[in-house]
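Student: Got a structure for you, final-v5.tsv, holding TSV, C-alpha atoms and all ligand atoms.
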chain	number	residue	atom	x	y	z
C	1	MET	CA	254.50	235.78	64.86
C	2	SER	CA	254.96	236.72	68.52
C	3	LYS	CA	254.63	233.36	70.34
C	4	ARG	CA	257.20	230.61	69.96
C	5	VAL	CA	256.83	228.93	66.61
C	6	ARG	CA	257.13	225.16	66.19
C	7	VAL	CA	258.84	224.36	62.90
C	8	ALA	CA	259.43	220.95	61.37
C	9	VAL	CA	262.24	220.90	58.82
C	10	LEU	CA	262.01	218.07	56.29
C	11	LEU	CA	265.37	217.16	54.82
C	12	GLY	CA	267.08	214.60	52.61
C	13	GLY	CA	264.54	212.88	50.39
C	14	ARG	CA	264.59	210.20	47.72
C	15	SER	CA	266.01	212.20	44.82
C	16	SER	CA	269.58	212.49	43.58
C	17	GLU	CA	269.55	215.94	45.21
C	18	HIS	CA	269.47	214.31	48.69
C	19	GLU	CA	272.89	215.64	49.71
C	20	ILE	CA	272.10	219.13	48.47
C	21	SER	CA	268.93	219.08	50.56
C	22	LEU	CA	270.98	218.18	53.65
C	23	GLU	CA	273.18	221.21	53.05
C	24	SER	CA	270.23	223.53	52.46
C	25	ALA	CA	268.48	222.19	55.57
C	26	ARG	CA	271.56	222.60	57.75
C	27	SER	CA	271.59	226.27	56.81
C	28	VAL	CA	267.89	226.70	57.54
C	29	LEU	CA	268.35	225.01	60.95
C	30	GLN	CA	271.21	227.37	61.79
C	31	ALA	CA	269.19	230.40	60.73
C	32	LEU	CA	266.10	229.58	62.83
C	33	ASP	CA	266.57	231.72	65.95
C	34	PRO	CA	266.31	229.43	69.05
C	35	GLU	CA	264.77	232.35	70.96
C	36	ARG	CA	261.77	232.22	68.65
C	37	TYR	CA	261.54	228.74	67.19
C	38	ASP	CA	261.18	225.18	68.51
C	39	VAL	CA	262.62	223.05	65.77
C	40	ALA	CA	262.04	219.38	64.94
C	41	THR	CA	263.84	217.75	62.05
C	42	VAL	CA	262.49	214.91	59.96
C	43	ALA	CA	265.06	213.18	57.80
C	44	ILE	CA	263.77	211.34	54.74
C	45	ARG	CA	266.25	208.65	53.76
C	46	ARG	CA	267.24	207.75	50.23
C	47	ASP	CA	265.04	204.65	50.54
C	48	GLY	CA	262.06	206.86	51.42
C	49	ARG	CA	261.85	206.02	55.12
C	50	TRP	CA	261.22	208.91	57.50
C	51	GLU	CA	263.24	209.39	60.69
C	52	LEU	CA	262.82	211.83	63.51
C	53	GLY	CA	265.90	213.85	64.29
C	54	THR	CA	268.69	214.25	61.81
C	55	GLY	CA	268.85	210.55	61.10
C	56	ASP	CA	271.64	209.74	63.56
C	57	ASP	CA	269.44	208.38	66.33
C	58	GLY	CA	267.92	205.66	64.17
C	59	SER	CA	264.26	206.21	65.12
C	60	VAL	CA	262.63	205.02	61.92
C	61	ALA	CA	259.02	205.76	61.02
C	62	GLU	CA	257.21	204.08	58.14
C	63	THR	CA	256.01	207.07	56.15
C	64	LEU	CA	255.28	209.65	58.82
C	65	PRO	CA	257.21	210.48	61.95
C	66	VAL	CA	256.34	208.77	65.22
C	67	PRO	CA	256.04	210.88	68.39
C	68	THR	CA	258.50	211.03	71.26
C	69	ASP	CA	258.17	213.16	74.40
C	70	LYS	CA	260.28	215.85	72.74
C	71	VAL	CA	258.70	215.86	69.30
C	72	PRO	CA	255.10	216.56	68.20
C	73	ALA	CA	252.97	213.49	67.49
C	74	THR	CA	252.22	214.38	63.89
C	75	LEU	CA	253.23	216.98	61.39
C	76	GLY	CA	249.76	218.44	61.97
C	77	GLU	CA	250.87	219.52	65.43
C	78	VAL	CA	253.56	221.95	64.33
C	79	ASP	CA	252.95	225.57	63.29
C	80	VAL	CA	254.83	225.30	60.03
C	81	VAL	CA	256.68	222.68	57.99
C	82	PHE	CA	259.70	223.69	55.94
C	83	PRO	CA	260.18	220.99	53.29
C	84	VAL	CA	263.79	221.68	52.33
C	85	LEU	CA	263.66	218.97	49.66
C	86	HIS	CA	264.81	219.23	46.07
C	87	GLY	CA	263.74	217.29	42.98
C	88	PRO	CA	261.37	214.32	42.65
C	89	PHE	CA	259.46	213.26	45.82
C	90	GLY	CA	260.19	216.61	47.45
C	91	GLU	CA	259.76	219.51	45.08
C	92	ASP	CA	257.21	217.90	42.78
C	93	GLY	CA	253.94	218.10	44.73
C	94	THR	CA	254.11	214.69	46.41
C	95	VAL	CA	255.24	215.84	49.86
C	96	GLN	CA	253.10	218.95	49.40
C	97	GLY	CA	250.04	216.70	48.98
C	98	LEU	CA	250.82	214.95	52.24
C	99	LEU	CA	251.13	218.30	54.01
C	100	GLU	CA	247.81	219.46	52.52
C	101	LEU	CA	246.18	216.32	53.92
C	102	ALA	CA	247.77	217.03	57.30
C	103	GLY	CA	246.31	220.55	57.14
C	104	VAL	CA	249.56	222.15	58.25
C	105	PRO	CA	251.13	225.34	56.85
C	106	TYR	CA	254.23	224.64	54.78
C	107	VAL	CA	256.82	226.74	53.03
C	108	GLY	CA	256.72	227.00	49.24
C	109	ALA	CA	254.45	226.12	46.36
C	110	GLY	CA	251.41	223.86	46.67
C	111	VAL	CA	250.65	220.59	44.87
C	112	LEU	CA	249.90	221.86	41.38
C	113	GLY	CA	252.54	224.60	41.28
C	114	SER	CA	255.22	222.18	42.46
C	115	ALA	CA	254.20	219.48	39.96
C	116	LEU	CA	253.91	221.95	37.11
C	117	ALA	CA	257.34	223.47	37.68
C	118	MET	CA	258.90	220.01	37.96
C	119	ASP	CA	257.75	218.91	34.51
C	120	LYS	CA	259.69	220.88	31.90
C	121	ASP	CA	257.34	219.84	29.08
C	122	VAL	CA	254.06	220.74	30.82
C	123	PHE	CA	255.62	223.87	32.34
C	124	LYS	CA	256.60	225.20	28.94
C	125	ALA	CA	253.26	224.29	27.37
C	126	VAL	CA	251.35	226.14	30.08
C	127	MET	CA	253.67	229.16	29.99
C	128	ARG	CA	253.33	229.40	26.19
C	129	ASP	CA	249.56	229.35	26.62
C	130	ARG	CA	249.89	232.26	29.07
C	131	GLY	CA	252.05	234.29	26.69
C	132	ILE	CA	255.31	233.84	28.61
C	133	PRO	CA	258.28	233.44	26.23
C	134	VAL	CA	260.04	230.07	26.68
C	135	THR	CA	262.55	228.05	24.66
C	136	ARG	CA	261.14	225.90	21.84
C	137	ASN	CA	260.95	222.16	22.48
C	138	ILE	CA	259.45	218.87	21.41
C	139	THR	CA	258.72	215.89	23.64
C	140	ILE	CA	259.69	212.28	22.93
C	141	ARG	CA	258.27	209.30	24.81
C	142	LYS	CA	260.38	206.23	25.53
C	143	GLY	CA	260.28	203.99	22.46
C	144	GLY	CA	259.48	206.97	20.21
C	145	LYS	CA	261.47	207.91	17.11
C	146	PRO	CA	264.51	210.17	17.70
C	147	GLN	CA	263.78	213.53	16.10
C	148	ASN	CA	264.95	217.10	16.16
C	149	PRO	CA	263.20	219.80	14.13
C	150	PHE	CA	265.46	222.61	15.41
C	151	GLY	CA	268.86	222.04	13.84
C	152	PHE	CA	271.95	221.86	16.06
C	153	PRO	CA	272.96	222.33	18.81
C	154	VAL	CA	270.01	221.21	20.93
C	155	PHE	CA	269.65	220.30	24.58
C	156	VAL	CA	268.22	216.87	25.45
C	157	LYS	CA	266.74	216.60	28.94
C	158	PRO	CA	264.71	214.25	31.13
C	159	ALA	CA	261.36	216.05	31.55
C	160	ARG	CA	261.28	215.82	35.34
C	161	LEU	CA	264.64	216.13	37.05
C	162	GLY	CA	267.07	218.85	38.14
C	163	SER	CA	270.72	219.69	38.81
C	164	SER	CA	271.50	219.06	35.10
C	165	VAL	CA	271.38	215.29	35.71
C	166	GLY	CA	270.77	213.36	32.45
C	167	ILE	CA	271.09	216.49	30.27
C	168	SER	CA	273.29	216.62	27.15
C	169	LYS	CA	274.13	219.32	24.66
C	170	VAL	CA	273.95	217.69	21.25
C	171	SER	CA	275.92	219.19	18.37
C	172	SER	CA	275.35	216.71	15.54
C	173	PRO	CA	272.73	214.13	14.41
C	174	ASP	CA	274.92	211.14	15.27
C	175	GLU	CA	275.09	212.23	18.95
C	176	LEU	CA	271.31	212.37	19.32
C	177	PRO	CA	270.51	208.67	20.04
C	178	ALA	CA	273.06	208.42	22.86
C	179	ALA	CA	271.80	211.66	24.41
C	180	LEU	CA	268.22	210.37	24.28
C	181	ASP	CA	269.28	207.06	25.89
C	182	ALA	CA	271.05	208.98	28.67
C	183	ALA	CA	267.96	211.08	29.35
C	184	PHE	CA	265.60	208.05	29.17
C	185	GLU	CA	267.58	206.47	32.00
C	186	HIS	CA	265.93	209.03	34.28
C	187	ASP	CA	262.49	209.56	32.81
C	188	PRO	CA	260.20	207.97	30.17
C	189	LEU	CA	259.55	211.49	28.91
C	190	VAL	CA	262.38	213.49	27.33
C	191	ILE	CA	262.47	216.93	25.76
C	192	VAL	CA	264.60	218.12	22.87
C	193	GLU	CA	265.06	221.85	23.14
C	194	ALA	CA	266.37	224.50	20.74
C	195	MET	CA	269.52	226.17	22.02
C	196	ALA	CA	269.05	229.66	23.45
C	197	HIS	CA	271.89	232.18	23.06
C	198	GLY	CA	273.18	234.98	25.23
C	199	LEU	CA	273.54	235.17	29.00
C	200	GLU	CA	272.08	232.92	31.67
C	201	LEU	CA	270.32	234.86	34.41
C	202	GLU	CA	268.53	233.90	37.62
C	203	CYS	CA	266.03	235.91	39.61
C	204	SER	CA	264.65	235.17	43.09
C	205	VAL	CA	261.01	235.70	43.95
C	206	ILE	CA	259.37	235.86	47.39
C	207	GLY	CA	255.74	236.38	48.43
C	208	ASN	CA	252.26	234.93	48.03
C	209	SER	CA	249.68	236.93	46.11
C	210	HIS	CA	251.94	239.99	45.74
C	211	PRO	CA	255.35	238.47	45.00
C	212	GLU	CA	258.51	240.54	44.65
C	213	ALA	CA	261.54	239.89	42.44
C	214	SER	CA	265.15	240.30	43.55
C	215	GLN	CA	267.91	241.93	41.58
C	216	PRO	CA	268.68	239.39	38.79
C	217	GLY	CA	272.11	237.75	38.79
C	218	GLU	CA	274.24	236.58	35.89
C	219	ILE	CA	275.62	233.02	35.87
C	220	VAL	CA	279.21	233.20	34.57
C	221	LEU	CA	280.67	229.79	33.71
C	222	ARG	CA	284.03	228.32	32.86
C	223	SER	CA	282.32	225.40	31.16
C	224	ASP	CA	280.29	225.47	27.95
C	225	TRP	CA	276.99	225.11	29.82
C	226	TYR	CA	275.76	224.92	33.42
C	227	ASP	CA	276.28	221.19	33.99
C	228	TYR	CA	276.39	219.26	37.28
C	229	GLU	CA	280.12	219.96	37.82
C	230	ALA	CA	279.69	223.69	37.25
C	231	LYS	CA	276.80	223.71	39.72
C	232	TYR	CA	278.48	221.83	42.55
C	233	THR	CA	282.23	222.35	42.16
C	234	PRO	CA	283.49	225.38	44.08
C	235	GLY	CA	284.49	228.00	41.52
C	236	GLY	CA	282.50	226.27	38.77
C	237	MET	CA	280.20	229.25	38.57
C	238	GLU	CA	280.53	232.92	39.39
C	239	LEU	CA	277.40	234.89	40.20
C	240	VAL	CA	277.61	238.48	38.94
C	241	VAL	CA	275.12	240.87	40.59
C	242	PRO	CA	273.80	243.08	39.17
C	243	ALA	CA	273.71	241.28	35.84
C	244	ARG	CA	275.42	243.16	32.99
C	245	ILE	CA	272.27	243.79	30.95
C	246	SER	CA	270.37	246.91	29.88
C	247	ASP	CA	267.88	248.50	32.27
C	248	PRO	CA	264.90	247.55	30.07
C	249	ALA	CA	266.11	243.93	29.91
C	250	ARG	CA	266.52	243.91	33.73
C	251	ALA	CA	263.01	245.26	34.20
C	252	ARG	CA	261.69	242.64	31.77
C	253	VAL	CA	263.45	239.81	33.65
C	254	GLN	CA	261.98	240.98	36.96
C	255	ALA	CA	258.48	241.40	35.52
C	256	LEU	CA	258.64	237.96	33.86
C	257	ALA	CA	259.95	236.37	37.08
C	258	VAL	CA	256.91	237.65	38.97
C	259	GLU	CA	254.55	236.79	36.10
C	260	THR	CA	255.92	233.23	35.87
C	261	PHE	CA	255.62	232.81	39.65
C	262	VAL	CA	251.99	233.90	39.49
C	263	ARG	CA	251.15	231.78	36.43
C	264	VAL	CA	252.64	228.65	37.99
C	265	GLY	CA	250.59	229.42	41.10
C	266	CYS	CA	253.62	229.53	43.40
C	267	SER	CA	253.66	230.66	46.99
C	268	GLY	CA	256.49	231.56	49.32
C	269	LEU	CA	259.53	231.31	47.12
C	270	ALA	CA	260.83	230.36	43.70
C	271	ARG	CA	263.85	231.04	41.55
C	272	VAL	CA	263.15	231.79	37.90
C	273	ASP	CA	265.94	231.15	35.38
C	274	PHE	CA	266.37	232.95	32.08
C	275	PHE	CA	268.32	233.27	28.86
C	276	VAL	CA	268.87	236.90	27.88
C	277	ASP	CA	270.15	237.83	24.43
C	278	GLY	CA	270.20	241.62	24.09
C	279	ASP	CA	266.56	242.59	24.41
C	280	GLU	CA	265.24	239.05	23.99
C	281	VAL	CA	264.33	237.39	27.29
C	282	LEU	CA	263.30	233.71	27.47
C	283	VAL	CA	262.23	231.85	30.60
C	284	ASN	CA	264.13	228.58	31.00
C	285	GLU	CA	262.56	227.16	34.14
C	286	LEU	CA	261.19	227.85	37.58
C	287	ASN	CA	262.45	226.06	40.69
C	288	THR	CA	260.00	225.93	43.58
C	289	MET	CA	262.63	224.84	46.13
C	290	PRO	CA	265.96	226.14	44.82
C	291	GLY	CA	269.24	225.40	46.60
C	292	PHE	CA	268.82	227.20	49.90
C	293	THR	CA	272.13	227.81	51.66
C	294	PRO	CA	273.35	231.37	52.36
C	295	THR	CA	275.74	230.95	49.43
C	296	SER	CA	273.09	229.59	47.07
C	297	VAL	CA	272.00	231.87	44.25
C	298	TYR	CA	268.52	232.29	45.73
C	299	ALA	CA	269.84	233.74	48.99
C	300	LYS	CA	272.72	235.67	47.42
C	301	LEU	CA	270.33	237.54	45.16
C	302	TRP	CA	268.19	238.51	48.14
C	303	GLN	CA	271.29	239.49	50.11
C	304	ALA	CA	272.22	241.79	47.22
C	305	SER	CA	268.67	243.13	47.23
C	306	GLY	CA	268.69	243.97	50.95
C	307	LEU	CA	267.10	240.84	52.48
C	308	PRO	CA	269.60	238.83	54.56
C	309	TYR	CA	269.33	235.04	54.96
C	310	PRO	CA	267.85	234.82	58.50
C	311	ASP	CA	265.15	237.36	57.54
C	312	LEU	CA	264.43	235.28	54.46
C	313	VAL	CA	263.78	232.19	56.59
C	314	ASP	CA	261.51	234.16	58.99
C	315	ARG	CA	259.60	235.67	56.10
C	316	LEU	CA	259.02	232.28	54.44
C	317	CYS	CA	257.62	230.81	57.67
C	318	GLU	CA	255.26	233.80	57.96
C	319	LEU	CA	254.17	233.45	54.34
C	320	ALA	CA	253.40	229.74	54.87
C	321	VAL	CA	251.09	230.53	57.80
C	322	ALA	CA	249.45	233.43	55.94
C	323	ARG	CA	248.74	231.24	52.92
C	324	LEU	CA	246.96	228.52	54.88
C	325	GLU	CA	244.91	231.12	56.76
C	326	ARG	CA	243.84	232.63	53.46
C	327	GLU	CA	243.00	229.24	51.94
C	328	ARG	CA	240.93	228.22	54.96
C	329	ALA	CA	238.65	231.18	54.26
C	330	TYR	CA	237.40	229.45	51.08
C	331	ARG	CA	234.55	226.97	51.16
C	332	PHE	CA	234.83	223.71	49.25
P	401	LIG	N1	267.78	225.65	25.48
P	401	LIG	C1	268.95	225.87	26.05
P	401	LIG	N2	269.84	226.72	25.49
P	401	LIG	C2	271.05	226.95	26.06
P	401	LIG	N3	271.46	226.35	27.18
P	401	LIG	C3	270.63	225.48	27.78
P	401	LIG	C4	269.34	225.21	27.25
P	401	LIG	N4	268.74	224.32	28.06
P	401	LIG	C5	269.61	224.05	29.05
P	401	LIG	N5	270.75	224.73	28.88
P	401	LIG	C6	271.91	224.66	29.78
P	401	LIG	O1	271.75	223.52	30.62
P	401	LIG	C7	271.59	223.91	31.98
P	401	LIG	C8	270.61	222.97	32.69
P	401	LIG	O2	269.36	222.99	32.06
P	401	LIG	P1	268.01	223.21	32.83
P	401	LIG	O3	266.90	223.15	31.85
P	401	LIG	O4	268.10	224.45	33.65
P	401	LIG	O5	267.93	221.91	33.75
P	401	LIG	P2	268.00	221.70	35.34
P	401	LIG	O6	266.57	221.63	35.77
P	401	LIG	O7	268.69	220.39	35.51
P	401	LIG	O8	268.72	222.87	35.94
P	401	LIG	C9	271.13	225.35	31.91
P	401	LIG	O9	271.44	226.02	33.09
P	401	LIG	C10	271.93	225.85	30.70
P	401	LIG	O10	273.30	226.10	31.01
P	402	MG	MG	268.34	224.85	35.67
Let me see the structure of the file written as structure tokens.
Ligand SMILES: Nc1ncnc2c1ncn2[C@@H]1O[C@H](COP(=O)(O)OP(=O)(O)O)[C@@H](O)[C@H]1O
Ligand SMILES: [Mg+2]
Tutor:
Amino acid sequence: MSKRVRVAVLLGGRSSEHEISLESARSVLQALDPERYDVATVAIRRDGRWELGTGDDGSVAETLPVPTDKVPATLGEVDVVFPVLHGPFGEDGTVQGLLELAGVPYVGAGVLGSALAMDKDVFKAVMRDRGIPVTRNITIRKGGKPQNPFGFPVFVKPARLGSSVGISKVSSPDELPAALDAAFEHDPLVIVEAMAHGLELECSVIGNSHPEASQPGEIVLRSDWYDYEAKYTPGGMELVVPARISDPARARVQALAVETFVRVGCSGLARVDFFVDGDEVLVNELNTMPGFTPTSVYAKLWQASGLPYPDLVDRLCELAVARLERERAYRF
């Protein structure tokens, strides 16, 4: 991209990951070189209303931003949108659908890939069908009978959320009903999942049709599992890069990260999370818009793999434009 590029950064959003989005977006805004980019920000409030600017000036739009003399009239008038939004109504295909309708390039996965990765039950079903090894699970609908065919411990999770919200590790039958109730507070669909053993690993992926995997990193915890506190308390987690696994296991993680990215139909970026027990590698989940500050795992893994944060942001904007150009070549 040689001419100045107009970027709209979407930030905030309706999910419980609103604050995390603000942090990610602040980092993206800082990394966008003012020599090359004209940047507009669109803040989505917790109540779902959209505001131009960072939300301090109070210019409220109903569902789409209104124009001012400084800001483009519609999202369709920018060169690329960077939806730095995590969780439901941001990372789940909803905002992506709006951007498809607007016909504007945007960073990250499209409608189906975003929705698929957001739903842990459907994600695992599709990955199993594609031969990608995932943890075993059953699904329970609200009002359904509590059950667990796996023995203990198991993990109980809302099907469509993130940041470990609503998740419990359940060690005995009498804890199961309360764990299900806690998960049903967030979603009418809950999964009960067999516990995986070994190390927790994460691997960053970037690209469109020829994605590349970063060096995988190992998540070292003080807590028993990677809960909300461990994720968002400084020092709650230590990222060890390179991960202390065998070379074949490392190669398998990287190959599965790329394979999962392709099978979900991702574009731009994703972080794929794993459990690795010796030679056994299981995919846990794929995040289409992982935490995106320079100290987030996604960026740290690329830093360790030779791709610094500002280059990452440039590359993702380029990939967004390239994807839309490619898609426009198809007739429908
Ligand atoms: N099947 C499992 N076996 C072992 N640990 C698990 C399992 N499922 C979840 N966990 C633990 O819970 C954390 C959060 O679960 P995850 O499915 O990644 O949800 P989220 O989308 O909220 O990150 C994981 O990072 C891991 O520490
Ligand atoms: Mg996770």
Student: Taking 2 positions as the minimum chain separation for residues in the same chain, which residues sit within 7 Å of range 134-147 of chain C when counting only C-alpha atoms? Answer as a list in words.
Tutor: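 After dropping sequence-adjacent residues, the list is Asp121, Lys124, Arg128, Ile132, Pro149, Pro177, Phe184, Pro188, Leu189, Val190, Ile191, Val192, Glu193, Ala194, Ala196, Leu282, Val283 and Asn284 of chain C.
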Student: Please produce a file of those selected residues containing C-alpha atoms, as a tab-separated table (two decimals), in the coordinates of the input.
Tutor:
chain	number	residue	atom	x	y	z
C	121	ASP	CA	257.34	219.84	29.08
C	124	LYS	CA	256.60	225.20	28.94
C	128	ARG	CA	253.33	229.40	26.19
C	132	ILE	CA	255.31	233.84	28.61
C	149	PRO	CA	263.20	219.80	14.13
C	177	PRO	CA	270.51	208.67	20.04
C	184	PHE	CA	265.60	208.05	29.17
C	188	PRO	CA	260.20	207.97	30.17
C	189	LEU	CA	259.55	211.49	28.91
C	190	VAL	CA	262.38	213.49	27.33
C	191	ILE	CA	262.47	216.93	25.76
C	192	VAL	CA	264.60	218.12	22.87
C	193	GLU	CA	265.06	221.85	23.14
C	194	ALA	CA	266.37	224.50	20.74
C	196	ALA	CA	269.05	229.66	23.45
C	282	LEU	CA	263.30	233.71	27.47
C	283	VAL	CA	262.23	231.85	30.60
C	284	ASN	CA	264.13	228.58	31.00
Student: So how many Å separate CA of Gly131 in chain C and CA of Arg250 in chain C, to one decimal?
Tutor: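 For CA of Gly131 in chain C relative to CA of Arg250 in chain C, the distance reads 18.7 Å.
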Student: So that I can see what lies close to Ala230 in chain C, please list as a PyMOL selection string the residues with an atom at most 10 Å from it, counting only C-alpha atoms and leaving out residues fewer than 5 positions away in the same chain.
Tutor: chain C and resi 163-164+220-225+235-238
Student: How big is the axis-aligned box around the listed atoms of range 290-293 of chain C once 3 Å is added on each side, and where is its centre? Give both in Å to one decimal, as JSON.
Tutor:
{"center_x": 269.0, "center_y": 226.6, "center_z": 48.2, "size_x": 12.2, "size_y": 8.4, "size_z": 12.8}
Student: Need to verify the contact set: Ala31 in chain C, 10 Å, only C-alpha atoms, exclusion of same-chain residues closer than 5 positions in sequence. Can you return it as a ChimeraX atom specification?
Tutor: /C:25-26,293-294,309-314
Student: Excluding Val258 in chain C and residues on its chain fewer than 6 positions from it, collect all residues at most 8 Å away from it, counting all atoms listed in the file, and give them as a list in words.
Tutor: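 The residues that qualify are Val205, Pro211, Glu212 and Ala213 of chain C.
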Student: Report as a list in words all protein, DNA and RNA residues lying within 12 Å of Arg326 in chain C, evaluated on all atoms listed in the file, omitting residues in the same chain fewer than 3 positions from it.
Tutor: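 Counting only the stated atoms, we get Pro105, Asn208, Ser209, Ser267, Leu319, Ala320, Val321, Ala322, Arg323, Ala329, Tyr330 and Arg331 of chain C.
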Student: Pick from C:Gln254, C:Thr233, C:Asn287, C:Gln96: nearest to ligand LIG 401 (chain P), with all atoms listed in the file counted?
Tutor: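 Looking only at the distances to ligand LIG 401 (chain P), the closest residue turns out to be C:Asn287.
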Student: Up to 7 Å from (253.6, 226.0, 49.8) in the file's coordinates: name the residues, counting all atoms listed in the file, as a list in words.
Tutor: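 The distance filter leaves exactly Tyr106, Val107, Gly108, Ala109, Gly110, Ser267, Gly268 and Ala320 of chain C.
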Student: Quick one, how far is CA of Leu98 in chain C from CA of Arg271 in chain C?
Tutor: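 Interatomic distance, CA of Leu98 in chain C to CA of Arg271 in chain C: 23.3 Å.
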Student: To check your reading of the model: which residues sit at most 12 Å from ligand MG 402 (chain P) when counting only C-alpha atoms and all ligand atoms? Write the answer as a short mmCIF file (atom, residue, chain, number, x, y, z; two decimals) with C-alpha atoms, in the coordinates of the input.
Tutor:
data_model
loop_
_atom_site.label_atom_id
_atom_site.label_comp_id
_atom_site.auth_asym_id
_atom_site.auth_seq_id
_atom_site.Cartn_x
_atom_site.Cartn_y
_atom_site.Cartn_z
CA GLY C 87 263.74 217.29 42.98
CA ALA C 117 257.34 223.47 37.68
CA MET C 118 258.90 220.01 37.96
CA LYS C 120 259.69 220.88 31.90
CA LYS C 157 266.74 216.60 28.94
CA ALA C 159 261.36 216.05 31.55
CA ARG C 160 261.28 215.82 35.34
CA LEU C 161 264.64 216.13 37.05
CA GLY C 162 267.07 218.85 38.14
CA SER C 163 270.72 219.69 38.81
CA SER C 164 271.50 219.06 35.10
CA VAL C 165 271.38 215.29 35.71
CA ILE C 167 271.09 216.49 30.27
CA GLU C 200 272.08 232.92 31.67
CA LEU C 201 270.32 234.86 34.41
CA GLU C 202 268.53 233.90 37.62
CA CYS C 203 266.03 235.91 39.61
CA ILE C 219 275.62 233.02 35.87
CA TRP C 225 276.99 225.11 29.82
CA TYR C 226 275.76 224.92 33.42
CA ASP C 227 276.28 221.19 33.99
CA TYR C 228 276.39 219.26 37.28
CA ALA C 230 279.69 223.69 37.25
CA LYS C 231 276.80 223.71 39.72
CA ARG C 271 263.85 231.04 41.55
CA VAL C 272 263.15 231.79 37.90
CA ASP C 273 265.94 231.15 35.38
CA PHE C 274 266.37 232.95 32.08
CA PHE C 275 268.32 233.27 28.86
CA VAL C 283 262.23 231.85 30.60
CA ASN C 284 264.13 228.58 31.00
CA GLU C 285 262.56 227.16 34.14
CA LEU C 286 261.19 227.85 37.58
CA ASN C 287 262.45 226.06 40.69
CA THR C 288 260.00 225.93 43.58
CA MET C 289 262.63 224.84 46.13
CA PRO C 290 265.96 226.14 44.82
CA GLY C 291 269.24 225.40 46.60
CA VAL C 297 272.00 231.87 44.25
#
Student: Give me, please, the distance in Å between CA of Thr94 in chain C and CA of Leu32 in chain C, quoted to one decimal.
Tutor: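 If I compute the distance from CA of Thr94 in chain C to CA of Leu32 in chain C, I get 25.2 Å.
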Student: From the list C:His86, C:Arg49, C:Arg263, C:Arg36, which residue is nearest ligand LIG 401 (chain P) when using all atoms listed in the file?
Tutor: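 Checking each of C:His86, C:Arg49, C:Arg263, C:Arg36 against ligand LIG 401 (chain P), counting all atoms listed in the file, the winner is C:His86.
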Student: Measuring between only C-alpha atoms and all ligand atoms, which one of C:Arg45, C:Arg14, C:Lys169, C:Arg6 shows the shortest distance to ligand LIG 401 (chain P)?
Tutor: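 The shortest atom-to-atom distance to ligand LIG 401 (chain P) comes from C:Lys169.
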Student: Closest to ligand LIG 401 (chain P) among C:Phe82, C:Phe152, C:Trp302, C:Phe261, using only C-alpha atoms and all ligand atoms?
Tutor: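 Of C:Phe82, C:Phe152, C:Trp302, C:Phe261, the one nearest ligand LIG 401 (chain P) is C:Phe152, counting only C-alpha atoms and all ligand atoms.
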Student: Taking all atoms listed in the file into account, name the residue in C:Asp79, C:Asp47, C:Glu218, C:Asp174 that is nearest to ligand LIG 401 (chain P).
Tutor: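 Smallest separation from ligand LIG 401 (chain P) among the options: C:Glu218.
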Student: Which residue gives the smallest distance to ligand LIG 401 (chain P) among C:His186, C:His210, C:His197, C:Arg244, with only C-alpha atoms and all ligand atoms counted?
Tutor: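 Of the candidates, the smallest distance to ligand LIG 401 (chain P) is held by C:His197.
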Student: Show me the residues close to (266.4, 218.0, 53.4) - anything with an atom within 7 Å, counting only C-alpha atoms - and format the list as a ChimeraX atom specification.
Tutor: /C:10-13,18,21-22,24-25,43,83-85
